[in-house]
Each structure stands twice: as structure tokens, then as C-alpha cells.
>>> print(open('run_21.pdb').read())   # PDB, C-alpha atoms
MODEL        1
ATOM      1  CA  SER L  15      14.726 -14.259  13.398
ATOM      2  CA  ASP L  16      14.793 -12.030  10.296
ATOM      3  CA  ASN L  17      11.076 -12.670   9.771
ATOM      4  CA  SER L  18      10.044 -12.020  13.369
ATOM      5  CA  ILE L  19       9.044  -8.753  15.024
ATOM      6  CA  ASN L  20      11.561  -7.786  17.686
ATOM      7  CA  THR L  21      11.032  -4.054  18.222
ATOM      8  CA  GLU L  22       8.219  -1.537  18.474
ATOM      9  CA  ASN L  23       9.390   0.043  15.206
ATOM     10  CA  GLU L  24       9.137  -3.288  13.384
ATOM     11  CA  ALA L  25       5.641  -3.807  14.785
ATOM     12  CA  LEU L  26       4.587  -0.348  13.612
ATOM     13  CA  GLU L  27       6.139  -0.824  10.164
ATOM     14  CA  THR L  28       4.287  -4.096   9.659
ATOM     15  CA  ALA L  29       1.036  -2.691  11.042
ATOM     16  CA  CYS L  30       1.232   0.391   8.803
ATOM     17  CA  ALA L  31       1.789  -1.739   5.705
ATOM     18  CA  GLU L  32      -1.147  -3.992   6.586
ATOM     19  CA  ILE L  33      -3.538  -1.124   7.255
ATOM     20  CA  ILE L  34      -2.477   0.760   4.117
ATOM     21  CA  ASP L  35      -3.186  -2.332   2.016
ATOM     22  CA  LEU L  36      -6.614  -2.765   3.631
ATOM     23  CA  ALA L  37      -7.680   0.888   3.455
ATOM     24  CA  PRO L  38      -9.959   2.100   0.633
ATOM     25  CA  THR L  39      -8.040   3.803  -2.163
ATOM     26  CA  ALA L  40     -10.395   6.779  -2.050
ATOM     27  CA  LEU L  41      -9.417   7.451   1.570
ATOM     28  CA  LEU L  42      -5.691   7.166   0.823
ATOM     29  CA  LEU L  43      -6.038   9.489  -2.170
ATOM     30  CA  LYS L  44      -7.648  12.106   0.035
ATOM     31  CA  TYR L  45      -4.417  12.389   2.054
ATOM     32  CA  ALA L  46      -1.900  11.434  -0.651
ATOM     33  CA  VAL L  47       1.328  13.387  -1.001
ATOM     34  CA  ALA L  48       1.833  15.471  -4.156
ATOM     35  CA  PRO L  49       1.818  13.169  -7.187
ATOM     36  CA  TYR L  50       5.002  12.322  -9.049
ATOM     37  CA  ASN L  51       5.119  13.805 -12.547
ATOM     38  CA  LEU L  52       6.147  11.585 -15.447
ATOM     39  CA  VAL L  53       7.508  13.789 -18.243
ATOM     40  CA  SER L  54       9.940  13.663 -21.138
ATOM     41  CA  GLY L  55      13.343  12.716 -19.748
ATOM     42  CA  SER L  56      11.749  11.211 -16.604
ATOM     43  CA  THR L  57       9.303   8.663 -17.942
ATOM     44  CA  THR L  58       9.377   6.108 -15.116
ATOM     45  CA  ILE L  59       9.217   6.121 -11.321
ATOM     46  CA  ASN L  60      10.903   3.851  -8.796
ATOM     47  CA  ILE L  61       8.068   2.253  -6.834
ATOM     48  CA  SER L  62      10.102   0.335  -4.265
ATOM     49  CA  GLY L  63       8.420   0.841  -0.878
ATOM     50  CA  LYS L  64       5.413   2.603  -2.445
ATOM     51  CA  LYS L  65       1.767   1.642  -2.876
ATOM     52  CA  ILE L  66       0.478   3.040  -6.168
ATOM     53  CA  LEU L  67      -2.980   4.543  -5.778
ATOM     54  CA  ARG L  68      -3.708   6.012  -9.194
ATOM     55  CA  VAL L  69      -2.005   6.883 -12.481
ATOM     56  CA  ILE L  70      -3.445   9.595 -14.739
ATOM     57  CA  ARG L  71      -2.120  10.207 -18.255
ATOM     58  CA  TYR L  72      -2.740  13.397 -20.222
ATOM     59  CA  ASP L  73      -3.546  12.774 -23.879
ATOM     60  CA  THR L  74      -1.966  14.125 -27.037
ATOM     61  CA  LEU L  75      -4.762  16.259 -28.442
ATOM     62  CA  ASN L  76      -6.252  18.288 -25.599
ATOM     63  CA  SER L  77      -4.329  17.339 -22.439
ATOM     64  CA  VAL L  78      -7.355  15.671 -20.846
ATOM     65  CA  GLY L  79      -6.355  13.427 -17.950
ATOM     66  CA  ARG L  80      -7.419   9.807 -18.276
ATOM     67  CA  LEU L  81      -7.173   7.059 -15.681
ATOM     68  CA  CYS L  82      -4.619   4.390 -16.590
ATOM     69  CA  GLU L  83      -5.645   0.761 -16.230
ATOM     70  CA  LYS L  84      -3.163  -1.412 -14.335
ATOM     71  CA  VAL L  85      -2.063  -4.551 -16.186
ATOM     72  CA  ASP L  86       0.405  -7.253 -15.270
ATOM     73  CA  LEU L  87       3.730  -7.496 -17.070
ATOM     74  CA  ASP L  88       2.709 -10.351 -19.393
ATOM     75  CA  GLU L  89      -0.418  -8.501 -20.494
ATOM     76  CA  TRP L  90       1.635  -5.313 -20.913
ATOM     77  CA  PHE L  91       3.915  -6.930 -23.475
ATOM     78  CA  LEU L  92       0.963  -8.393 -25.373
ATOM     79  CA  LEU L  93      -1.022  -5.145 -25.413
ATOM     80  CA  THR L  94       1.825  -2.833 -26.389
ATOM     81  CA  SER L  95       3.429  -5.018 -29.072
ATOM     82  CA  ASP L  96       0.505  -5.464 -31.483
ATOM     83  CA  THR L  97      -0.407  -2.131 -33.068
ATOM     84  CA  ASN L  98      -3.182  -3.782 -35.083
ATOM     85  CA  SER L  99      -5.002  -5.132 -32.056
ATOM     86  CA  ILE L 100      -8.273  -3.522 -30.978
ATOM     87  CA  TYR L 101      -6.844  -3.701 -27.433
ATOM     88  CA  TYR L 102      -3.748  -1.668 -28.299
ATOM     89  CA  PRO L 103      -3.520   1.120 -25.674
ATOM     90  CA  THR L 104      -4.189   4.637 -26.962
ATOM     91  CA  ASP L 105      -4.492   8.126 -25.522
ATOM     92  CA  HIS L 106      -8.093   7.198 -24.695
ATOM     93  CA  SER L 107      -7.206   3.850 -23.074
ATOM     94  CA  PRO L 108      -3.776   4.214 -21.405
ATOM     95  CA  VAL L 109      -2.282   1.478 -19.235
ATOM     96  CA  TYR L 110       0.510   1.090 -16.719
ATOM     97  CA  THR L 111       2.461  -1.801 -15.287
ATOM     98  CA  GLU L 112       4.832  -2.472 -12.421
ATOM     99  CA  ASN L 113       8.058  -4.007 -13.707
ATOM    100  CA  ARG L 114       9.988  -5.014 -10.596
ATOM    101  CA  ASP L 115      10.714  -1.659  -8.905
ATOM    102  CA  THR L 116       9.686   0.490 -11.874
ATOM    103  CA  LEU L 117       6.321   1.829 -13.015
ATOM    104  CA  GLU L 118       5.849   2.371 -16.764
ATOM    105  CA  VAL L 119       3.009   4.035 -18.693
ATOM    106  CA  PHE L 120       1.801   3.443 -22.265
ATOM    107  CA  PRO L 121       1.383   5.281 -24.636
ATOM    108  CA  ALA L 122       4.886   6.525 -23.994
ATOM    109  CA  ILE L 123       5.497   9.687 -22.019
ATOM    110  CA  THR L 124       7.021  12.416 -24.186
ATOM    111  CA  GLY L 125       5.518  15.690 -22.921
ATOM    112  CA  SER L 126       5.881  18.264 -20.135
ATOM    113  CA  ILE L 127       4.089  18.660 -16.779
ATOM    114  CA  ASP L 128       0.280  18.850 -17.135
ATOM    115  CA  GLY L 129       0.669  18.952 -20.910
ATOM    116  CA  ALA L 130       0.057  16.410 -23.626
ATOM    117  CA  ASP L 131       1.745  13.022 -23.153
ATOM    118  CA  SER L 132       2.584  13.471 -19.462
ATOM    119  CA  ALA L 133       1.278  11.586 -16.424
ATOM    120  CA  LYS L 134       0.820  11.874 -12.675
ATOM    121  CA  VAL L 135       1.412   9.014 -10.250
ATOM    122  CA  PHE L 136      -0.402   9.145  -6.903
ATOM    123  CA  TYR L 137       1.090   6.976  -4.172
ATOM    124  CA  ILE L 138       1.726   6.457  -0.472
ATOM    125  CA  ILE L 139       5.068   5.361   0.954
ATOM    126  CA  TYR L 140       5.115   2.416   3.331
ATOM    127  CA  PRO L 141       6.791   3.918   6.427
ATOM    128  CA  THR L 142      10.087   2.471   7.584
ATOM    129  CA  GLY L 143      12.889   3.566   9.871
ATOM    130  CA  ASP L 144      14.117   3.537  13.426
ATOM    131  CA  ASN L 145      11.972   6.382  14.760
ATOM    132  CA  ILE L 146       8.419   5.536  13.731
ATOM    133  CA  ASP L 147       7.426   4.954  17.358
ATOM    134  CA  SER L 148       8.274   8.594  18.194
ATOM    135  CA  ALA L 149       6.651  10.154  15.105
ATOM    136  CA  THR L 150       3.635  12.414  15.645
ATOM    137  CA  SER L 151       2.312  11.646  12.154
ATOM    138  CA  ILE L 152       3.215   9.747   8.991
ATOM    139  CA  SER L 153       3.182  11.536   5.643
ATOM    140  CA  GLY L 154       0.202  10.483   3.547
ATOM    141  CA  LEU L 155      -1.342   8.286   6.263
ATOM    142  CA  PRO L 156      -4.920   9.407   7.036
ATOM    143  CA  ASN L 157      -5.653  10.262  10.658
ATOM    144  CA  GLU L 158      -8.583   7.864  10.464
ATOM    145  CA  LEU L 159      -6.149   4.935  10.213
ATOM    146  CA  GLU L 160      -3.900   5.752  13.155
ATOM    147  CA  HIS L 161      -6.012   3.939  15.749
ATOM    148  CA  ALA L 162      -6.054   0.776  13.645
ATOM    149  CA  VAL L 163      -2.261   0.977  13.238
ATOM    150  CA  ALA L 164      -1.810   1.336  17.010
ATOM    151  CA  LEU L 165      -4.083  -1.636  17.697
ATOM    152  CA  LYS L 166      -2.389  -3.889  15.141
ATOM    153  CA  ALA L 167       1.093  -2.927  16.346
ATOM    154  CA  SER L 168      -0.001  -3.726  19.897
ATOM    155  CA  ILE L 169      -1.216  -7.131  18.731
ATOM    156  CA  TYR L 170       2.144  -7.870  17.119
ATOM    157  CA  ILE L 171       4.008  -6.812  20.260
ATOM    158  CA  LEU L 172       1.709  -8.905  22.438
ATOM    159  CA  GLN L 173       2.234 -11.921  20.176
ATOM    160  CA  THR L 174       5.975 -11.605  20.791
ATOM    161  CA  LEU L 175       5.423 -11.375  24.544
ATOM    162  CA  ILE L 176       3.220 -14.469  24.478
ATOM    163  CA  SER L 177       5.828 -16.361  22.474
ATOM    164  CA  ASP L 178       8.583 -15.369  24.896
ATOM    165  CA  THR L 179       6.442 -16.354  27.881
ATOM    166  CA  VAL L 180       5.645 -19.763  26.418
ATOM    167  CA  GLN L 181       9.262 -20.501  25.514
ATOM    168  CA  ASP L 182      11.098 -18.954  28.449
ATOM    169  CA  ASP L 183       9.070 -18.041  31.497
ATOM    170  CA  GLU L 184       6.376 -20.712  31.540
ATOM    171  CA  ASP L 185       4.376 -18.385  33.771
ATOM    172  CA  GLU L 186       0.779 -19.599  33.436
ATOM    173  CA  GLU L 187      -0.717 -16.576  35.206
ATOM    174  CA  LEU L 188       1.168 -14.106  33.002
ATOM    175  CA  LEU L 189       0.275 -16.100  29.908
ATOM    176  CA  ALA L 190      -3.412 -16.041  30.809
ATOM    177  CA  MET L 191      -3.255 -12.258  31.261
ATOM    178  CA  TYR L 192      -1.591 -11.832  27.849
ATOM    179  CA  ASN L 193      -4.184 -14.059  26.183
ATOM    180  CA  ASN L 194      -7.022 -12.044  27.714
ATOM    181  CA  GLN L 195      -5.420  -8.838  26.460
ATOM    182  CA  MET L 196      -5.023 -10.393  23.021
ATOM    183  CA  GLN L 197      -8.715 -11.262  22.818
ATOM    184  CA  SER L 198      -9.632  -7.718  23.767
ATOM    185  CA  LEU L 199      -7.254  -6.173  21.232
ATOM    186  CA  GLN L 200      -8.382  -8.514  18.469
ATOM    187  CA  GLY L 201     -12.005  -7.530  19.075
ATOM    188  CA  MET L 202     -11.164  -3.816  19.013
ATOM    189  CA  TYR L 203      -9.082  -4.263  15.858
ATOM    190  CA  GLN L 204     -11.824  -6.212  14.049
ATOM    191  CA  ALA L 205     -14.316  -3.452  14.874
ATOM    192  CA  GLU L 206     -11.912  -0.754  13.660
ATOM    193  CA  ILE L 207     -11.211  -2.553  10.382
ATOM    194  CA  GLN L 208     -14.926  -2.972   9.801
ATOM    195  CA  ARG L 209     -15.400   0.768  10.413
ATOM    196  CA  ILE L 210     -12.668   1.630   7.896
ATOM    197  CA  THR L 211     -13.520  -0.832   5.141
ATOM    198  CA  GLY L 212     -17.122  -1.696   5.808
ATOM    199  CA  GLU L 213     -16.077  -5.343   5.919
ATOM    200  CA  ASP L 214     -14.701  -7.774   8.459
ATOM    201  CA  GLU L 215     -10.956  -8.380   8.469
ATOM    202  CA  PRO L 216     -10.107 -10.984   5.806
ATOM    203  CA  GLN L 217      -9.680 -14.414   7.370
ATOM    204  CA  THR L 218      -6.539 -16.377   6.541
ATOM    205  CA  GLY L 219      -6.075 -20.117   6.564
ATOM    206  CA  ASP L 220      -4.287 -21.988   9.335
TER     207      ASP L 220
ENDMDL
END
>>> encode(input="run_21.pdb", output="C-alpha cells")
Amino acid sequence: SDNSINTENEALETACAEIIDLAPTALLLKYAVAPYNLVSGSTTINISGKKILRVIRYDTLNSVGRLCEKVDLDEWFLLTSDTNSIYYPTDHSPVYTENRDTLEVFPAITGSIDGADSAKVFYIIYPTGDNIDSATSISGLPNELEHAVALKASIYILQTLISDTVQDDEDEELLAMYNNQMQSLQGMYQAEIQRITGEDEPQTGD
């Protein structure tokens, strides 16, 4: 049962994570919490439970902020190990990678806040905890996404009710009512996702 949804909080946690991953980065950046500063002595950030939205590195010469390109770990090692390569990351072409629970930037961070060789990491935290269902807001979560979160959480809760009814109650009338509610919620959720992303909800295989 570790992979099943048994409480309202679990439904909301899962729904929040799904909606955050579907939402446009530009919308999440608009409401993002203050960025984390990477500076000399604090050159990495623990990214466990976080969705990274953007990484900006400030260069050596004039402290201009440049967007870091995300690369996977294998590419990171290739790019940063060959100083003679035309693809070697520089102040003008910085990169970052996610190494397990740690985010790293290259060229290396050696400077102070907003100065040369520093960086800012913009992110949103996937909400967790025992009191999400009583929260009035979630830090960094745009108001525009709250309705979609509520709909998806309701779908997860209803799926649990349907499962329980099928396995335990065998109440055909109650099951029919739940299935009708599910169809209605699914339609509302599809419309909300299309409003947020401009696309239909991605379809998954059986």
C-alpha cells in the first residue's frame, strides 16, 4: 500500500507534483520564491524535493547573468573534462547538472552574491506534509494552478473510493454514481489543463 493514495494529504501532494510538472516554466517563475545564491563556500544546492526552473550564472568579466544550459551527468563529465574542446563550457556558455540530490554549475562558482562567478537558482518546492489539506496557499504555487490541483486531488480520492467500492461494498448503485462523478471531474480537469498549458493532458499507455 506504500504506492497507493490513502489520505487527502497524499492526494494533494501527488496532484501538486503533477500540476507543477505540467505547468509552463514561465508561469512558475512568475511566482517563484527568492532564488538560492551559489557563491564561494556554498557552490552547490540540495535539490531533493525541488523542481529547478532556471539557473543563471554571472560571468567573470562584467557580472552579466547568463542562462545555464541543463545537461545530463554523462554529458557534464564529457563537457567539463576536455579544455581543448569547442564545447567546453565558458562564462559565455555555462551549464548545470543534477547529480543525485545536488545541483552543480560550471564554470565553477568562486565569487560573491550578484558578483562575478556567482549564480542564482530559481526553483519551486514540491509540497509535502500532514497539513496540506488545511493550507490556505502553497509557497511558490501560482493561484492559477489551484483549481487544477483541487480537481486532480479529487480524482485521486474518487479513484480510491471506486476501488474500495469494487473490492468491499459491491454496491452497483454507489459505483455508478462514483463513475459518473469521475467522468465529470475528468472533463473539468482536461479543460483546466488545456487552459493552463494550451495543450490536452498527455495521454499515457494502458
>>> residues_near_point(input="run_21.pdb", point="(-8.7, 0.4, 3.7)", cutoff="9 Å", atoms="all atoms listed in the file", output="ChimeraX atom specification")
/L:33-42,159,207,210-212
>>> atom_distance(input="run_21.pdb", atom1="CA of Leu26 (chain L)", atom2="CA of Lys134 (chain L)")
29.2 Å
>>> atom_distance(input="run_21.pdb", atom1="CA of Val109 (chain L)", atom2="CA of Tyr140 (chain L)")
23.8 Å
>>> resolve_selection(input="run_21.pdb", expression="the PyMOL selection byres ((chain L and resi 67) around 7)", output="list in words")
Thr39, Leu43, Lys65, Ile66, Arg68, Phe136 and Tyr137 of chain L
>>> closest_residue(input="run_21.pdb", among="L:Ala122, L:Ala133, L:Ile138, L:Val69", to="Ile152 (chain L)", atoms="all atoms listed in the file")
L:Ile138
>>> atom_distance(input="run_21.pdb", atom1="CA of Asp105 (chain L)", atom2="CA of Tyr72 (chain L)")
7.7 Å
>>> resolve_selection(input="run_21.pdb", expression="the PyMOL selection byres ((chain L and resi 60) around 9)", output="PyMOL selection string")
chain L and resi 58-59+61-64+115-117
>>> axis_aligned_box(input="run_21.pdb", around="region 200-208 of chain L", padding_each_side="6 Å", output="AutoDock Vina command-line options")
--center_x -11.7 --center_y -4.6 --center_z 14.4 --size_x 18.5 --size_y 19.8 --size_z 21.3
>>> closest_residue(input="run_21.pdb", among="L:Gln208, L:Leu175, L:Glu160, L:Asp86", to="Leu188 (chain L)", atoms="all atoms listed in the file")
L:Leu175
>>> resolve_selection(input="run_21.pdb", expression="the PyMOL selection byres ((chain L and resi 106) around 10)", output="ChimeraX atom specification")
/L:71-74,78-82,103-105,107-109,121
>>> write_last_selection(input="run_21.pdb", atoms="C-alpha atoms", output="PDB file, keeping the file's coordinate frame")
ATOM      1  CA  ARG L  71      -2.120  10.207 -18.255  1.00  0.00           C
ATOM      2  CA  TYR L  72      -2.740  13.397 -20.222  1.00  0.00           C
ATOM      3  CA  ASP L  73      -3.546  12.774 -23.879  1.00  0.00           C
ATOM      4  CA  THR L  74      -1.966  14.125 -27.037  1.00  0.00           C
ATOM      5  CA  VAL L  78      -7.355  15.671 -20.846  1.00  0.00           C
ATOM      6  CA  GLY L  79      -6.355  13.427 -17.950  1.00  0.00           C
ATOM      7  CA  ARG L  80      -7.419   9.807 -18.276  1.00  0.00           C
ATOM      8  CA  LEU L  81      -7.173   7.059 -15.681  1.00  0.00           C
ATOM      9  CA  CYS L  82      -4.619   4.390 -16.590  1.00  0.00           C
ATOM     10  CA  PRO L 103      -3.520   1.120 -25.674  1.00  0.00           C
ATOM     11  CA  THR L 104      -4.189   4.637 -26.962  1.00  0.00           C
ATOM     12  CA  ASP L 105      -4.492   8.126 -25.522  1.00  0.00           C
ATOM     13  CA  SER L 107      -7.206   3.850 -23.074  1.00  0.00           C
ATOM     14  CA  PRO L 108      -3.776   4.214 -21.405  1.00  0.00           C
ATOM     15  CA  VAL L 109      -2.282   1.478 -19.235  1.00  0.00           C
ATOM     16  CA  PRO L 121       1.383   5.281 -24.636  1.00  0.00           C
TER      17      PRO L 121
END
>>> closest_residue(input="run_21.pdb", among="L:Gln195, L:Asn113, L:Thr57, L:Thr174", to="Ile127 (chain L)", atoms="all atoms listed in the file")
L:Thr57
>>> closest_residue(input="run_21.pdb", among="L:Ile139, L:Ile171, L:Leu165, L:Val53", to="Ser198 (chain L)", atoms="all atoms listed in the file")
L:Leu165
>>> residues_near_point(input="run_21.pdb", point="(-0.3, -4.3, -17.3)", cutoff="12 Å", atoms="all atoms listed in the file", output="MDAnalysis selection string")
chainID L and resid 82:94 102:103 108:113 117:120
>>> residues_around(input="run_21.pdb", residues="Gly129 (chain L)", least_positions_apart="3", cutoff="8 Å", atoms="all atoms listed in the file", output="list in words")
Tyr72, Ser77, Gly125, Ser126 and Ser132 of chain L
>>> closest_residue(input="run_21.pdb", among="L:Ser54, L:Thr97, L:Arg114, L:His161", to="Ala130 (chain L)", atoms="only C-alpha atoms")
L:Ser54
>>> residues_around(input="run_21.pdb", residues="Ile176 (chain L)", least_positions_apart="5", cutoff="12 Å", atoms="all atoms listed in the file", output="list in words")
Ile169, Tyr170, Ile171, Gln181, Asp182, Asp183, Glu184, Asp185, Glu186, Glu187, Leu188, Leu189, Ala190, Met191, Tyr192, Asn193, Asn194, Gln195 and Met196 of chain L
